[in-house]
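Raw contents of entry_19.txt, compact mmCIF, C-alpha atoms and all ligand atoms:
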```
# COMPACT_ATOMS: atom_id res chain seq x y z
CA MET A 1 -21.41 -19.47 -4.42
CA ASN A 2 -25.03 -18.81 -3.56
CA GLY A 3 -24.85 -15.60 -5.57
CA ALA A 4 -27.48 -13.07 -4.74
CA SER A 5 -28.98 -11.80 -7.98
CA GLN A 6 -26.66 -9.56 -9.94
CA SER A 7 -27.90 -6.94 -12.37
CA ALA A 8 -26.86 -6.34 -15.96
CA GLU A 9 -25.85 -2.86 -14.76
CA THR A 10 -23.37 -4.42 -12.31
CA ALA A 11 -21.90 -6.65 -15.00
CA GLN A 12 -21.49 -3.65 -17.29
CA ALA A 13 -19.89 -1.56 -14.53
CA ALA A 14 -17.47 -4.43 -13.79
CA ARG A 15 -16.44 -4.53 -17.45
CA ARG A 16 -15.96 -0.75 -17.32
CA ILE A 17 -13.71 -1.13 -14.26
CA MET A 18 -11.61 -3.75 -16.05
CA ALA A 19 -11.30 -1.52 -19.14
CA ARG A 20 -10.32 1.44 -16.97
CA ALA A 21 -7.71 -0.66 -15.14
CA ASP A 22 -6.28 -1.52 -18.58
CA ALA A 23 -6.28 2.16 -19.56
CA LEU A 24 -4.42 3.12 -16.38
CA GLY A 25 -2.11 0.13 -16.85
CA ALA A 26 -1.05 1.55 -20.21
CA ILE A 27 0.30 4.72 -18.55
CA SER A 28 3.84 3.78 -17.63
CA GLU A 29 7.28 5.31 -17.28
CA THR A 30 8.94 2.13 -18.51
CA PRO A 31 8.32 0.60 -21.94
CA GLY A 32 7.02 -2.96 -21.76
CA ALA A 33 6.39 -2.85 -17.99
CA LEU A 34 4.02 -0.92 -15.74
CA THR A 35 5.80 1.56 -13.48
CA ARG A 36 4.00 4.73 -12.47
CA THR A 37 5.48 6.67 -9.61
CA HIS A 38 4.65 9.74 -7.61
CA LEU A 39 4.57 13.18 -9.26
CA THR A 40 5.75 12.03 -12.67
CA GLU A 41 4.25 12.96 -16.01
CA GLU A 42 2.60 9.50 -15.95
CA HIS A 43 1.10 10.24 -12.53
CA ARG A 44 -0.32 13.45 -14.01
CA ARG A 45 -1.88 11.56 -16.95
CA ALA A 46 -3.36 8.87 -14.70
CA ALA A 47 -4.72 11.49 -12.31
CA LYS A 48 -6.35 13.31 -15.23
CA LEU A 49 -8.08 10.13 -16.40
CA VAL A 50 -9.30 9.36 -12.89
CA ALA A 51 -10.52 12.94 -12.40
CA GLY A 52 -12.47 12.63 -15.69
CA TRP A 53 -14.11 9.38 -14.54
CA MET A 54 -15.03 10.95 -11.20
CA HIS A 55 -16.55 13.88 -13.05
CA GLU A 56 -18.56 11.51 -15.29
CA ALA A 57 -19.80 9.78 -12.15
CA GLY A 58 -21.26 13.08 -10.96
CA LEU A 59 -18.64 13.99 -8.37
CA ALA A 60 -17.29 17.48 -7.71
CA VAL A 61 -13.57 16.95 -8.36
CA TRP A 62 -10.39 18.62 -7.09
CA THR A 63 -6.72 17.83 -6.51
CA ASP A 64 -5.69 18.32 -2.90
CA ALA A 65 -2.49 20.00 -1.75
CA ALA A 66 -0.62 16.65 -1.78
CA GLY A 67 -1.64 15.76 -5.36
CA ASN A 68 -4.36 13.27 -4.35
CA VAL A 69 -7.38 13.32 -6.70
CA CYS A 70 -10.59 13.78 -4.71
CA GLY A 71 -14.27 13.75 -5.67
CA ARG A 72 -17.37 14.38 -3.58
CA ILE A 73 -21.10 13.86 -3.68
CA GLU A 74 -23.12 15.70 -1.06
CA GLY A 75 -25.42 13.88 1.34
CA ALA A 76 -28.80 14.83 2.77
CA GLY A 77 -27.65 18.24 3.92
CA PRO A 78 -24.90 20.77 3.33
CA GLU A 79 -21.33 20.19 4.53
CA LEU A 80 -22.01 16.86 6.22
CA PRO A 81 -19.01 14.76 7.35
CA ALA A 82 -17.78 12.47 4.59
CA LEU A 83 -17.41 8.73 4.25
CA LEU A 84 -14.13 8.37 2.34
CA LEU A 85 -13.61 5.57 -0.18
CA GLY A 86 -10.20 5.23 -1.77
CA SER A 87 -6.94 3.60 -2.68
CA HIS A 88 -3.86 4.58 -4.72
CA ILE A 89 -2.84 5.07 -8.35
CA ASP A 90 0.95 4.82 -8.00
CA THR A 91 2.72 1.49 -8.55
CA VAL A 92 5.81 -0.51 -7.72
CA PRO A 93 8.31 -1.11 -10.55
CA ASP A 94 7.01 -3.68 -13.08
CA ALA A 95 3.63 -3.75 -11.38
CA GLY A 96 0.28 -5.36 -12.00
CA ARG A 97 -2.77 -3.32 -13.01
CA TYR A 98 -4.96 -3.80 -9.94
CA ASP A 99 -2.93 -3.04 -6.80
CA GLY A 100 -4.43 0.34 -5.95
CA PRO A 101 -6.40 1.23 -9.11
CA LEU A 102 -9.02 -1.47 -8.47
CA GLY A 103 -9.99 0.18 -5.16
CA VAL A 104 -10.18 3.62 -6.78
CA LEU A 105 -12.26 2.36 -9.73
CA LEU A 106 -14.67 0.43 -7.49
CA ALA A 107 -15.08 3.54 -5.32
CA ILE A 108 -15.92 5.67 -8.37
CA GLU A 109 -18.63 3.17 -9.43
CA VAL A 110 -20.05 3.05 -5.90
CA ALA A 111 -20.20 6.85 -5.88
CA ALA A 112 -21.82 6.84 -9.34
CA ARG A 113 -24.64 4.75 -7.86
CA ALA A 114 -25.22 7.14 -4.96
CA ALA A 115 -27.92 9.70 -5.63
CA PRO A 116 -26.89 13.14 -4.35
CA GLY A 117 -28.73 14.40 -1.28
CA VAL A 118 -29.74 10.97 0.01
CA LEU A 119 -27.03 9.49 2.22
CA PRO A 120 -26.68 10.72 5.83
CA PHE A 121 -23.13 11.79 4.96
CA ALA A 122 -21.22 13.07 1.96
CA LEU A 123 -19.39 10.44 -0.07
CA GLU A 124 -15.83 11.17 -1.16
CA VAL A 125 -13.50 9.19 -3.37
CA VAL A 126 -9.73 9.67 -3.01
CA ALA A 127 -7.07 8.43 -5.44
CA PHE A 128 -3.88 8.66 -3.39
CA GLY A 129 -0.72 9.47 -5.33
CA ASP A 130 1.97 7.79 -3.26
CA GLU A 131 1.20 4.60 -1.39
CA GLU A 132 4.12 2.46 -2.54
CA GLY A 133 6.96 4.90 -1.91
CA THR A 134 8.67 3.67 -5.09
CA ARG A 135 10.13 7.00 -6.19
CA PHE A 136 11.15 8.74 -2.95
CA GLY A 137 11.00 5.89 -0.41
CA THR A 138 8.15 7.74 1.33
CA ALA A 139 5.43 5.07 1.48
CA LEU A 140 1.89 6.28 2.30
CA SER A 141 2.82 9.94 1.87
CA GLY A 142 -0.43 10.80 0.03
CA SER A 143 -2.62 9.33 2.75
CA ARG A 144 -0.38 10.68 5.51
CA ALA A 145 -0.86 14.18 4.09
CA LEU A 146 -4.62 13.63 4.32
CA ALA A 147 -4.28 12.26 7.86
CA GLY A 148 -2.17 15.25 8.95
CA SER A 149 0.83 13.04 9.77
CA TRP A 150 3.16 14.28 7.02
CA ASP A 151 6.82 14.21 7.99
CA ASP A 152 8.73 17.36 6.95
CA ALA A 153 11.92 15.28 6.68
CA TRP A 154 10.41 13.84 3.47
CA TRP A 155 10.89 17.10 1.57
CA ASP A 156 14.59 16.32 1.19
CA CYS A 157 14.14 12.69 0.07
CA THR A 158 15.47 12.29 -3.45
CA ASP A 159 14.65 9.97 -6.34
CA ALA A 160 17.20 7.96 -8.34
CA SER A 161 18.06 11.07 -10.38
CA GLY A 162 18.64 13.22 -7.31
CA ILE A 163 15.38 15.20 -7.66
CA SER A 164 14.00 16.07 -4.24
CA LEU A 165 10.38 15.58 -3.26
CA ARG A 166 10.14 19.36 -2.81
CA THR A 167 11.32 19.97 -6.38
CA ALA A 168 9.01 17.26 -7.74
CA PHE A 169 6.06 18.91 -5.95
CA GLU A 170 6.89 22.25 -7.53
CA ARG A 171 7.35 20.75 -11.01
CA PHE A 172 3.98 19.00 -10.64
CA GLY A 173 2.42 22.41 -9.95
CA LEU A 174 1.93 21.86 -6.22
CA ASP A 175 3.05 24.33 -3.56
CA PRO A 176 4.92 22.61 -0.69
CA ARG A 177 3.88 25.44 1.65
CA ARG A 178 0.23 24.48 1.09
CA LEU A 179 0.76 20.79 2.05
CA PRO A 180 -0.99 21.19 5.44
CA ASP A 181 -4.19 22.11 3.54
CA ALA A 182 -4.49 18.42 2.52
CA ALA A 183 -5.02 17.39 6.16
CA ARG A 184 -8.57 16.46 7.13
CA GLU A 185 -10.18 16.90 10.53
CA PRO A 186 -11.66 13.87 12.34
CA LYS A 187 -14.92 15.79 12.81
CA ASP A 188 -15.30 16.03 9.02
CA LEU A 189 -14.96 12.27 8.47
CA VAL A 190 -17.39 9.43 9.11
CA ALA A 191 -14.89 6.67 8.29
CA TYR A 192 -12.67 5.35 5.49
CA LEU A 193 -13.37 2.22 3.44
CA GLU A 194 -10.87 0.70 1.01
CA ALA A 195 -11.35 -2.16 -1.42
CA HIS A 196 -8.13 -3.85 -2.53
CA ILE A 197 -6.95 -7.05 -4.15
CA GLU A 198 -5.91 -9.55 -1.49
CA GLN A 199 -2.29 -9.86 -2.70
CA GLY A 200 -2.19 -13.35 -1.24
CA PRO A 201 -3.55 -16.84 -1.95
CA PHE A 202 -6.09 -17.36 0.84
CA LEU A 203 -9.29 -16.41 -0.98
CA GLU A 204 -8.29 -18.47 -4.00
CA GLN A 205 -7.51 -21.44 -1.75
CA ALA A 206 -10.87 -21.08 0.01
CA GLY A 207 -12.77 -20.74 -3.29
CA GLN A 208 -14.28 -17.43 -2.14
CA PRO A 209 -14.29 -14.13 -4.02
CA LEU A 210 -14.31 -11.57 -1.19
CA ALA A 211 -13.14 -11.19 2.41
CA VAL A 212 -13.52 -8.81 5.32
CA VAL A 213 -10.21 -7.42 6.60
CA SER A 214 -9.74 -7.53 10.37
CA SER A 215 -6.43 -5.66 10.65
CA ILE A 216 -3.42 -4.52 8.67
CA ALA A 217 0.04 -5.83 9.52
CA GLY A 218 2.55 -3.60 11.28
CA ALA A 219 5.72 -3.12 9.25
CA ARG A 220 9.27 -1.91 9.79
CA ARG A 221 11.90 -1.42 7.10
CA PHE A 222 15.63 -1.09 7.55
CA ALA A 223 18.63 -0.25 5.38
CA LEU A 224 21.37 -2.64 6.53
CA THR A 225 25.07 -2.31 5.74
CA VAL A 226 27.61 -5.09 6.19
CA THR A 227 31.20 -3.90 5.97
CA GLY A 228 34.36 -5.95 5.46
CA ARG A 229 37.43 -5.25 3.37
CA ALA A 230 37.72 -5.22 -0.41
CA GLY A 231 40.69 -7.14 -1.82
CA HIS A 232 42.11 -9.06 -4.74
CA ALA A 233 39.97 -12.13 -5.59
CA GLY A 234 43.04 -14.09 -6.63
CA GLY A 235 45.62 -12.90 -4.16
CA THR A 236 43.71 -12.97 -0.87
CA PRO A 237 43.71 -16.36 0.91
CA TYR A 238 40.49 -17.42 2.64
CA GLU A 239 41.86 -16.86 6.12
CA LEU A 240 42.57 -13.21 5.30
CA ARG A 241 39.28 -12.47 3.60
CA ARG A 242 36.68 -10.20 5.16
CA ASP A 243 34.03 -10.81 2.50
CA ALA A 244 30.98 -8.65 3.20
CA LEU A 245 28.82 -10.44 0.63
CA VAL A 246 29.32 -13.91 2.11
CA GLY A 247 28.47 -12.50 5.57
CA ALA A 248 25.42 -10.66 4.23
CA SER A 249 24.26 -13.81 2.44
CA GLU A 250 24.44 -15.83 5.66
CA LEU A 251 22.43 -13.10 7.32
CA VAL A 252 19.76 -13.25 4.59
CA VAL A 253 19.32 -17.00 5.14
CA GLU A 254 19.14 -16.46 8.91
CA ILE A 255 16.57 -13.68 8.47
CA GLU A 256 14.29 -16.09 6.60
CA ARG A 257 14.78 -18.76 9.27
CA ILE A 258 13.93 -16.35 12.10
CA GLY A 259 10.88 -15.08 10.20
CA GLN A 260 9.57 -18.61 9.74
CA GLU A 261 10.22 -19.53 13.37
CA LEU A 262 8.41 -16.47 14.75
CA ASP A 263 5.63 -16.36 12.14
CA VAL A 264 6.83 -12.96 11.00
CA ILE A 265 7.18 -12.05 7.33
CA ALA A 266 10.80 -11.06 6.71
CA THR A 267 12.05 -10.10 3.25
CA VAL A 268 15.37 -8.92 1.89
CA GLY A 269 14.28 -7.38 -1.40
CA ARG A 270 17.48 -5.66 -2.44
CA MET A 271 21.17 -6.36 -2.02
CA HIS A 272 24.05 -4.42 -3.60
CA ALA A 273 27.69 -5.46 -3.31
CA TYR A 274 30.50 -2.90 -3.59
CA PRO A 275 32.75 -2.17 -5.36
CA GLY A 276 31.07 -4.76 -7.62
CA GLY A 277 34.03 -6.07 -9.60
CA VAL A 278 34.01 -9.73 -10.68
CA ASN A 279 37.58 -10.09 -9.41
CA VAL A 280 37.19 -8.05 -6.22
CA ILE A 281 36.18 -9.39 -2.82
CA PRO A 282 33.10 -7.33 -1.82
CA GLY A 283 34.07 -4.84 0.89
CA ARG A 284 30.58 -3.54 1.58
CA VAL A 285 27.03 -4.74 1.05
CA GLU A 286 23.85 -2.75 1.39
CA LEU A 287 20.62 -4.67 1.84
CA SER A 288 17.03 -3.85 2.59
CA LEU A 289 14.91 -5.57 5.23
CA ASP A 290 11.10 -5.51 5.35
CA LEU A 291 9.44 -7.01 8.46
CA ARG A 292 5.70 -7.50 8.89
CA ALA A 293 3.47 -9.25 11.39
CA GLU A 294 -0.09 -9.27 12.55
CA PHE A 295 1.11 -8.04 15.95
CA ASP A 296 3.77 -5.36 16.43
CA ALA A 297 5.34 -7.23 19.37
CA ASP A 298 6.12 -10.25 17.14
CA ARG A 299 7.62 -7.99 14.47
CA ASP A 300 9.80 -6.28 17.10
CA ASP A 301 10.89 -9.63 18.60
CA ALA A 302 12.02 -10.73 15.15
CA TRP A 303 14.04 -7.55 14.75
CA GLY A 304 15.72 -8.27 18.12
CA ARG A 305 16.62 -11.80 16.98
CA ILE A 306 17.90 -10.54 13.62
CA GLN A 307 20.18 -8.05 15.38
CA GLU A 308 21.63 -10.87 17.53
CA ALA A 309 22.17 -12.97 14.42
CA ALA A 310 23.88 -10.07 12.65
CA ASP A 311 26.19 -9.58 15.65
CA GLN A 312 27.15 -13.28 15.65
CA ILE A 313 27.61 -13.68 11.90
CA THR A 314 29.69 -10.54 11.52
CA ALA A 315 31.83 -11.31 14.60
CA LEU A 316 32.76 -14.75 13.19
CA ARG A 317 33.84 -13.19 9.88
CA ASP A 318 35.51 -10.07 11.27
CA LEU A 319 32.88 -7.86 9.66
CA GLU A 320 30.85 -4.93 10.94
CA TRP A 321 27.23 -4.10 10.40
CA SER A 322 24.84 -1.22 10.95
CA ALA A 323 21.15 -0.51 10.41
CA GLN A 324 19.01 2.50 9.77
CA GLU A 325 15.25 2.32 10.17
CA THR A 326 13.63 3.78 7.04
CA TYR A 327 9.94 3.11 7.66
CA ARG A 328 7.68 2.11 10.50
CA ALA A 329 3.95 1.63 10.55
CA ASP A 330 2.24 -0.03 13.46
CA ALA A 331 -0.54 -2.58 12.97
CA VAL A 332 -3.98 -1.10 12.46
CA GLN A 333 -7.24 -2.66 13.57
CA CYS A 334 -10.29 -2.29 11.32
CA ALA A 335 -13.20 -0.89 13.38
CA ASP A 336 -15.71 -3.56 14.45
CA TRP A 337 -18.74 -1.66 13.07
CA LEU A 338 -17.00 -1.25 9.70
CA GLN A 339 -16.03 -4.94 9.65
CA GLN A 340 -19.70 -5.74 10.27
CA ALA A 341 -20.78 -3.39 7.47
CA VAL A 342 -18.31 -4.96 5.03
CA GLU A 343 -19.45 -8.43 6.09
CA GLU A 344 -23.07 -7.45 5.52
CA GLY A 345 -22.09 -6.07 2.09
CA ILE A 346 -20.37 -9.32 1.11
CA ARG A 347 -23.30 -11.40 2.32
CA ALA A 348 -25.69 -9.25 0.27
CA ALA A 349 -23.58 -9.75 -2.87
CA CYS A 350 -22.47 -13.36 -2.48
CA GLY A 351 -24.92 -14.95 -0.10
CA ASP A 352 -22.23 -16.73 1.94
CA ASP A 353 -20.54 -15.92 5.23
CA PRO A 354 -17.26 -14.32 4.19
CA LEU A 355 -13.76 -15.14 5.28
CA THR A 356 -12.03 -12.71 7.59
CA LEU A 357 -8.35 -12.09 6.79
CA TRP A 358 -5.67 -9.83 8.21
CA SER A 359 -3.74 -7.91 5.60
CA ARG A 360 -0.08 -8.77 5.16
CA ALA A 361 0.30 -5.84 2.76
CA GLY A 362 0.32 -2.18 3.72
CA HIS A 363 -2.51 0.10 2.60
CA ASP A 364 -3.51 3.75 2.64
CA ALA A 365 -6.02 2.74 5.32
CA MET A 366 -3.09 2.46 7.76
CA ALA A 367 -2.34 6.16 7.40
CA VAL A 368 -5.97 7.27 7.28
CA ALA A 369 -6.51 5.38 10.57
CA GLY A 370 -4.74 8.33 12.23
CA VAL A 371 -7.75 10.51 11.48
CA ALA A 372 -10.75 8.17 10.96
CA GLU A 373 -11.88 4.62 11.67
CA VAL A 374 -11.13 2.30 8.76
CA GLY A 375 -12.56 -0.81 7.14
CA MET A 376 -11.39 -2.89 4.18
CA LEU A 377 -12.75 -5.36 1.65
CA PHE A 378 -10.46 -7.84 -0.11
CA VAL A 379 -11.02 -9.14 -3.64
CA ARG A 380 -9.59 -12.51 -4.70
CA CYS A 381 -6.64 -12.41 -7.07
CA GLY A 382 -5.65 -15.42 -9.16
CA ASN A 383 -2.27 -17.07 -9.84
CA GLN A 384 -1.88 -17.96 -6.14
CA GLY A 385 -2.51 -14.35 -5.23
CA VAL A 386 0.59 -13.00 -6.92
CA SER A 387 0.90 -9.20 -6.72
CA HIS A 388 3.60 -6.55 -7.21
CA SER A 389 4.05 -8.39 -10.49
CA PRO A 390 2.62 -8.13 -14.00
CA ASP A 391 1.03 -11.55 -13.36
CA GLU A 392 -1.44 -9.93 -10.93
CA THR A 393 -5.00 -10.79 -11.99
CA VAL A 394 -8.63 -10.46 -10.93
CA SER A 395 -11.72 -11.76 -12.73
CA THR A 396 -14.50 -9.56 -14.06
CA GLY A 397 -16.97 -11.76 -12.15
CA ASP A 398 -15.22 -11.10 -8.84
CA VAL A 399 -15.07 -7.38 -9.60
CA ALA A 400 -18.84 -7.41 -10.17
CA LEU A 401 -19.36 -9.11 -6.79
CA ALA A 402 -16.96 -6.64 -5.16
CA LEU A 403 -18.90 -3.71 -6.62
CA ASP A 404 -22.22 -4.97 -5.27
CA ALA A 405 -20.62 -5.82 -1.91
CA PHE A 406 -18.89 -2.44 -1.63
CA THR A 407 -22.14 -0.65 -2.53
CA ALA A 408 -24.06 -2.68 0.07
CA ALA A 409 -21.31 -2.04 2.64
CA VAL A 410 -21.71 1.72 2.14
CA ARG A 411 -25.46 1.28 2.66
CA ALA A 412 -24.75 -0.68 5.84
CA VAL A 413 -22.41 2.07 7.07
CA ALA A 414 -25.17 4.62 6.36
CA GLU A 415 -27.71 2.62 8.40
CA ARG A 416 -25.33 2.23 11.33
CA TYR A 417 -24.24 5.88 11.16
CA ALA A 418 -27.84 7.16 10.99
CA ALA A 419 -28.75 4.98 13.97
CA ARG A 420 -25.82 6.40 15.97
CA SER A 421 -26.32 10.08 15.15
C1 LIG B 1 2.51 -2.09 -0.22
O1 LIG B 1 2.03 -2.57 -1.23
C2 LIG B 1 3.24 -2.93 0.68
O2 LIG B 1 2.60 -3.65 1.45
O3 LIG B 1 4.47 -2.97 0.59
MN MN B 2 1.44 -2.44 -3.46
MN MN B 3 -1.84 -1.29 -2.75
```
Any chance you could put this one into structure tokens?
Amino acid sequence: MNGASQSAETAQAARRIMARADALGAISETPGALTRTHLTEEHRRAAKLVAGWMHEAGLAVWTDAAGNVCGRIEGAGPELPALLLGSHIDTVPDAGRYDGPLGVLLAIEVAARAAPGVLPFALEVVAFGDEEGTRFGTALSGSRALAGSWDDAWWDCTDASGISLRTAFERFGLDPRRLPDAAREPKDLVAYLEAHIEQGPFLEQAGQPLAVVSSIAGARRFALTVTGRAGHAGGTPYELRRDALVGASELVVEIERIGQELDVIATVGRMHAYPGGVNVIPGRVELSLDLRAEFDADRDDAWGRIQEAADQITALRDLEWSAQETYRADAVQCADWLQQAVEEGIRAACGDDPLTLWSRAGHDAMAVAGVAEVGMLFVRCGNQGVSHSPDETVSTGDVALALDAFTAAVRAVAERYAARS
């Protein structure tokens, strides 16, 4: 790497980010593994730490009506529109320490470097509380509250203990009737920038630390049910079996085949067989399906092919199947001017022309795109890019480069914005 010169201050800030990621990583609902979900006591503790760091960085801090932690530094004038920087502080079960928190911690350091009253906009940092949807199945609900696209059906979603989102809001000290107050107006926003670990192997393979994101994959998720007939494992001959698990398993293999053929990412992440006895033929299977693609049309074609496959497989085995769509987010394009600003930021920090990647993972930026133009910066993660796993890793050196690149990208946004206004 041609490394542009990096200051001792940057190296120190990168070490601080790593230490803070460790501190957040220690706040978990599950002993021995990192799991921190929406509106839990652990969410409250993490939010308090983040709010303290924002305060130290000189930001005016508040919690919005959806439980997102927000901080703001004013620009060269009162009540100017804000450039938002953010990511999330909730996790998947048994998570790594960087998916989400890294973007929040980088944003806080960028804001700490911004002198108040100088930029042509206000700078705001947002730590979203529910990107993953782990607890209530409501992915991106923090950022959708901010974008004004909250779905009232979510209030009745329940967690594994039967606690509704509405009740969890109230126990957290939030008032569900005030939720609309979290929504931001397009006129009050300049844009949204998010830094995030890549969650894939491409930067590592290319030997580069940072990338510009061109777009974020569209996703659809389904709850599938395959139904047959439960029966005695010993007494039921093969010709009389209607084994839902064997049918569902064939479908899983076919789903992977279709995904590979159409260049669509198709994952069955969960499969439960009922009634679940070792000596009982499974009468019903519930499975999840997650589909993603760079282009929504490819994702939807794959879903069409999977439905045909499910019809064929279940017909041959005298089974039935049904599907319920549980989540849909269409692909989001990062704005050209923000891609250019991020590219300029990376060039300033690293000296090289950066890779451009589309994001296979979902991000808060997808929701915020409903109310502001978005841009993203990816940071290399090691171990072949593993993420949603405790093996997730980033290096302090890459974090330092990301901090300088993110800072320079904000400067580049300021120049472009000032030239436009
Ligand atoms: C979020 O991390 C997702 O892409 O599932
Ligand atoms: Mn994630
Ligand atoms: Mn994430």
inquiry  = Could you list, as a list of chain:residue names, all residues that come within 8 Å of ligand MN 2 (chain B)? Count all atoms listed in the file.
reply    =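 Counting all atoms listed in the file, the residues within 8 Å of ligand MN 2 (chain B) come out as A:Thr91, A:Val92, A:Asp99, A:Gly100, A:Glu131, A:Glu132, A:Ala361, A:Gly362, A:His363, A:Ser387, A:His388.
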request  = For region 78-87 of chain A, please output as JSON, numbers by chain all residues within 8 Å (counting only C-alpha atoms; exclusion window: fewer than 3 positions along the same chain).
outcome  = {"A": [74, 75, 100, 101, 102, 103, 104, 107, 120, 121, 122, 123, 124, 125, 126, 127, 128, 187, 188, 189, 190, 191, 192, 193, 194, 195, 196, 363, 364]}
query = Of the residues A:Asp90, A:Glu325, A:Asp318, A:Asp130, which is the one nearest to Asp243 (chain A), using only C-alpha atoms?
reply = A:Asp318
ask   = Suppose you want the space between CA of Ala329 (chain A) and CA of Glu198 (chain A); what is it in Å?
value =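 Computed distance, CA of Ala329 (chain A) to CA of Glu198 (chain A), equals 19.2 Å.
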Minimum-distance residue to Phe295 (chain A), chosen among A:Gly277, A:Gly77, A:Gly218, A:Gly228 (using all atoms listed in the file) =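 Under the stated criterion, the closest residue is A:Gly218.
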Top pick for closest residue to Gly25 (chain A), considering A:Asp94, A:Glu286, A:Asp64, A:Asp152 and counting all atoms listed in the file =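 Counting all atoms listed in the file, the residue closest to Gly25 (chain A) is A:Asp94.
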ask   = Counting only C-alpha atoms, what is within 8 Å of Asp263 (chain A), bar same-chain residues fewer than 4 positions away, as a PyMOL selection string?
value = chain A and resi 259+293+298
Point-to-point distance in Å for CA of Thr407 (chain A) and CA of Ile216 (chain A) =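 Between these atoms lies a distance of 22.2 Å.
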inquiry  = Please determine, counting all atoms listed in the file, which residue among A:Arg360, A:Arg135, A:Arg292, A:His272 has the shortest atom-to-atom distance to ligand MN 3 (chain B).
reply    = A:Arg360
query = So how many Å separate CA of Gln12 (chain A) and CA of Ile89 (chain A), to one decimal?
reply =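 For CA of Gln12 (chain A) relative to CA of Ile89 (chain A), the distance reads 22.4 Å.
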remark   = With distances taken over all atoms listed in the file, the candidate from A:Ala409, A:Ala266, A:Val69, A:Val110 nearest ligand LIG 1 (chain B) is A:Ala266
ask   = Which is closest to ligand MN 3 (chain B) among A:Gln340, A:Ser249, A:Thr134, A:Thr267, if we use only C-alpha atoms and all ligand atoms?
value =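 Answer, going by the shortest atom-to-atom distance: A:Thr134.
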task = Tell me, as a list in words, which residues lie within 9 Å of Glu29 (chain A), counting only C-alpha atoms; anything in the same chain fewer than 4 positions away does not count.
result =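 Once the adjacent positions are removed, what remains is Ala33, Leu34, Thr35, Arg36, Thr37, Thr40, Glu41 and Glu42 of chain A.
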Please save C-alpha atoms of the selected residues as a PDB file, in the frame of the given file.
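selection-v2.pdb, freshly written:
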```pdb
ATOM      1  CA  ALA A  33       6.390  -2.850 -17.990  1.00  0.00           C
ATOM      2  CA  LEU A  34       4.020  -0.920 -15.740  1.00  0.00           C
ATOM      3  CA  THR A  35       5.800   1.560 -13.480  1.00  0.00           C
ATOM      4  CA  ARG A  36       4.000   4.730 -12.470  1.00  0.00           C
ATOM      5  CA  THR A  37       5.480   6.670  -9.610  1.00  0.00           C
ATOM      6  CA  THR A  40       5.750  12.030 -12.670  1.00  0.00           C
ATOM      7  CA  GLU A  41       4.250  12.960 -16.010  1.00  0.00           C
ATOM      8  CA  GLU A  42       2.600   9.500 -15.950  1.00  0.00           C
TER       9      GLU A  42
END
```
query = In file coordinates, which residues lie within 12 Å of (31.1, -2.5, -5.4) using only C-alpha atoms, given as a list in words?
reply =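 Protein and nucleic acid residues near the point are Thr227, Gly228, Arg229, Ala230, Gly231, Asp243, Ala244, Leu245, Met271, His272, Ala273, Tyr274, Pro275, Gly276, Gly277, Val278, Asn279, Val280, Ile281, Pro282, Gly283, Arg284, Val285 and Glu286 of chain A.
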task = Write out as an MDAnalysis selection string which residues come within 12 Å of Ala153 (chain A) when counting all atoms listed in the file, dropping same-chain ones fewer than 3 positions away.
result = chainID A and resid 136:138 141 149:150 156:158 164:166 326
Please return the centre and edge lengths, in Å to one decimal, of a box with edges along x, y and z that contains all listed atoms of region 264-273 of chain A, widened by 6 Å on every side, as JSON.
```
{"center_x": 17.3, "center_y": -8.7, "center_z": 3.7, "size_x": 32.9, "size_y": 20.5, "size_z": 26.6}
```
Spatial neighbours of Val61 (chain A), 6 Å, all atoms listed in the file, chain gap at least 2 places, as a PyMOL selection string = chain A and resi 59+70-71
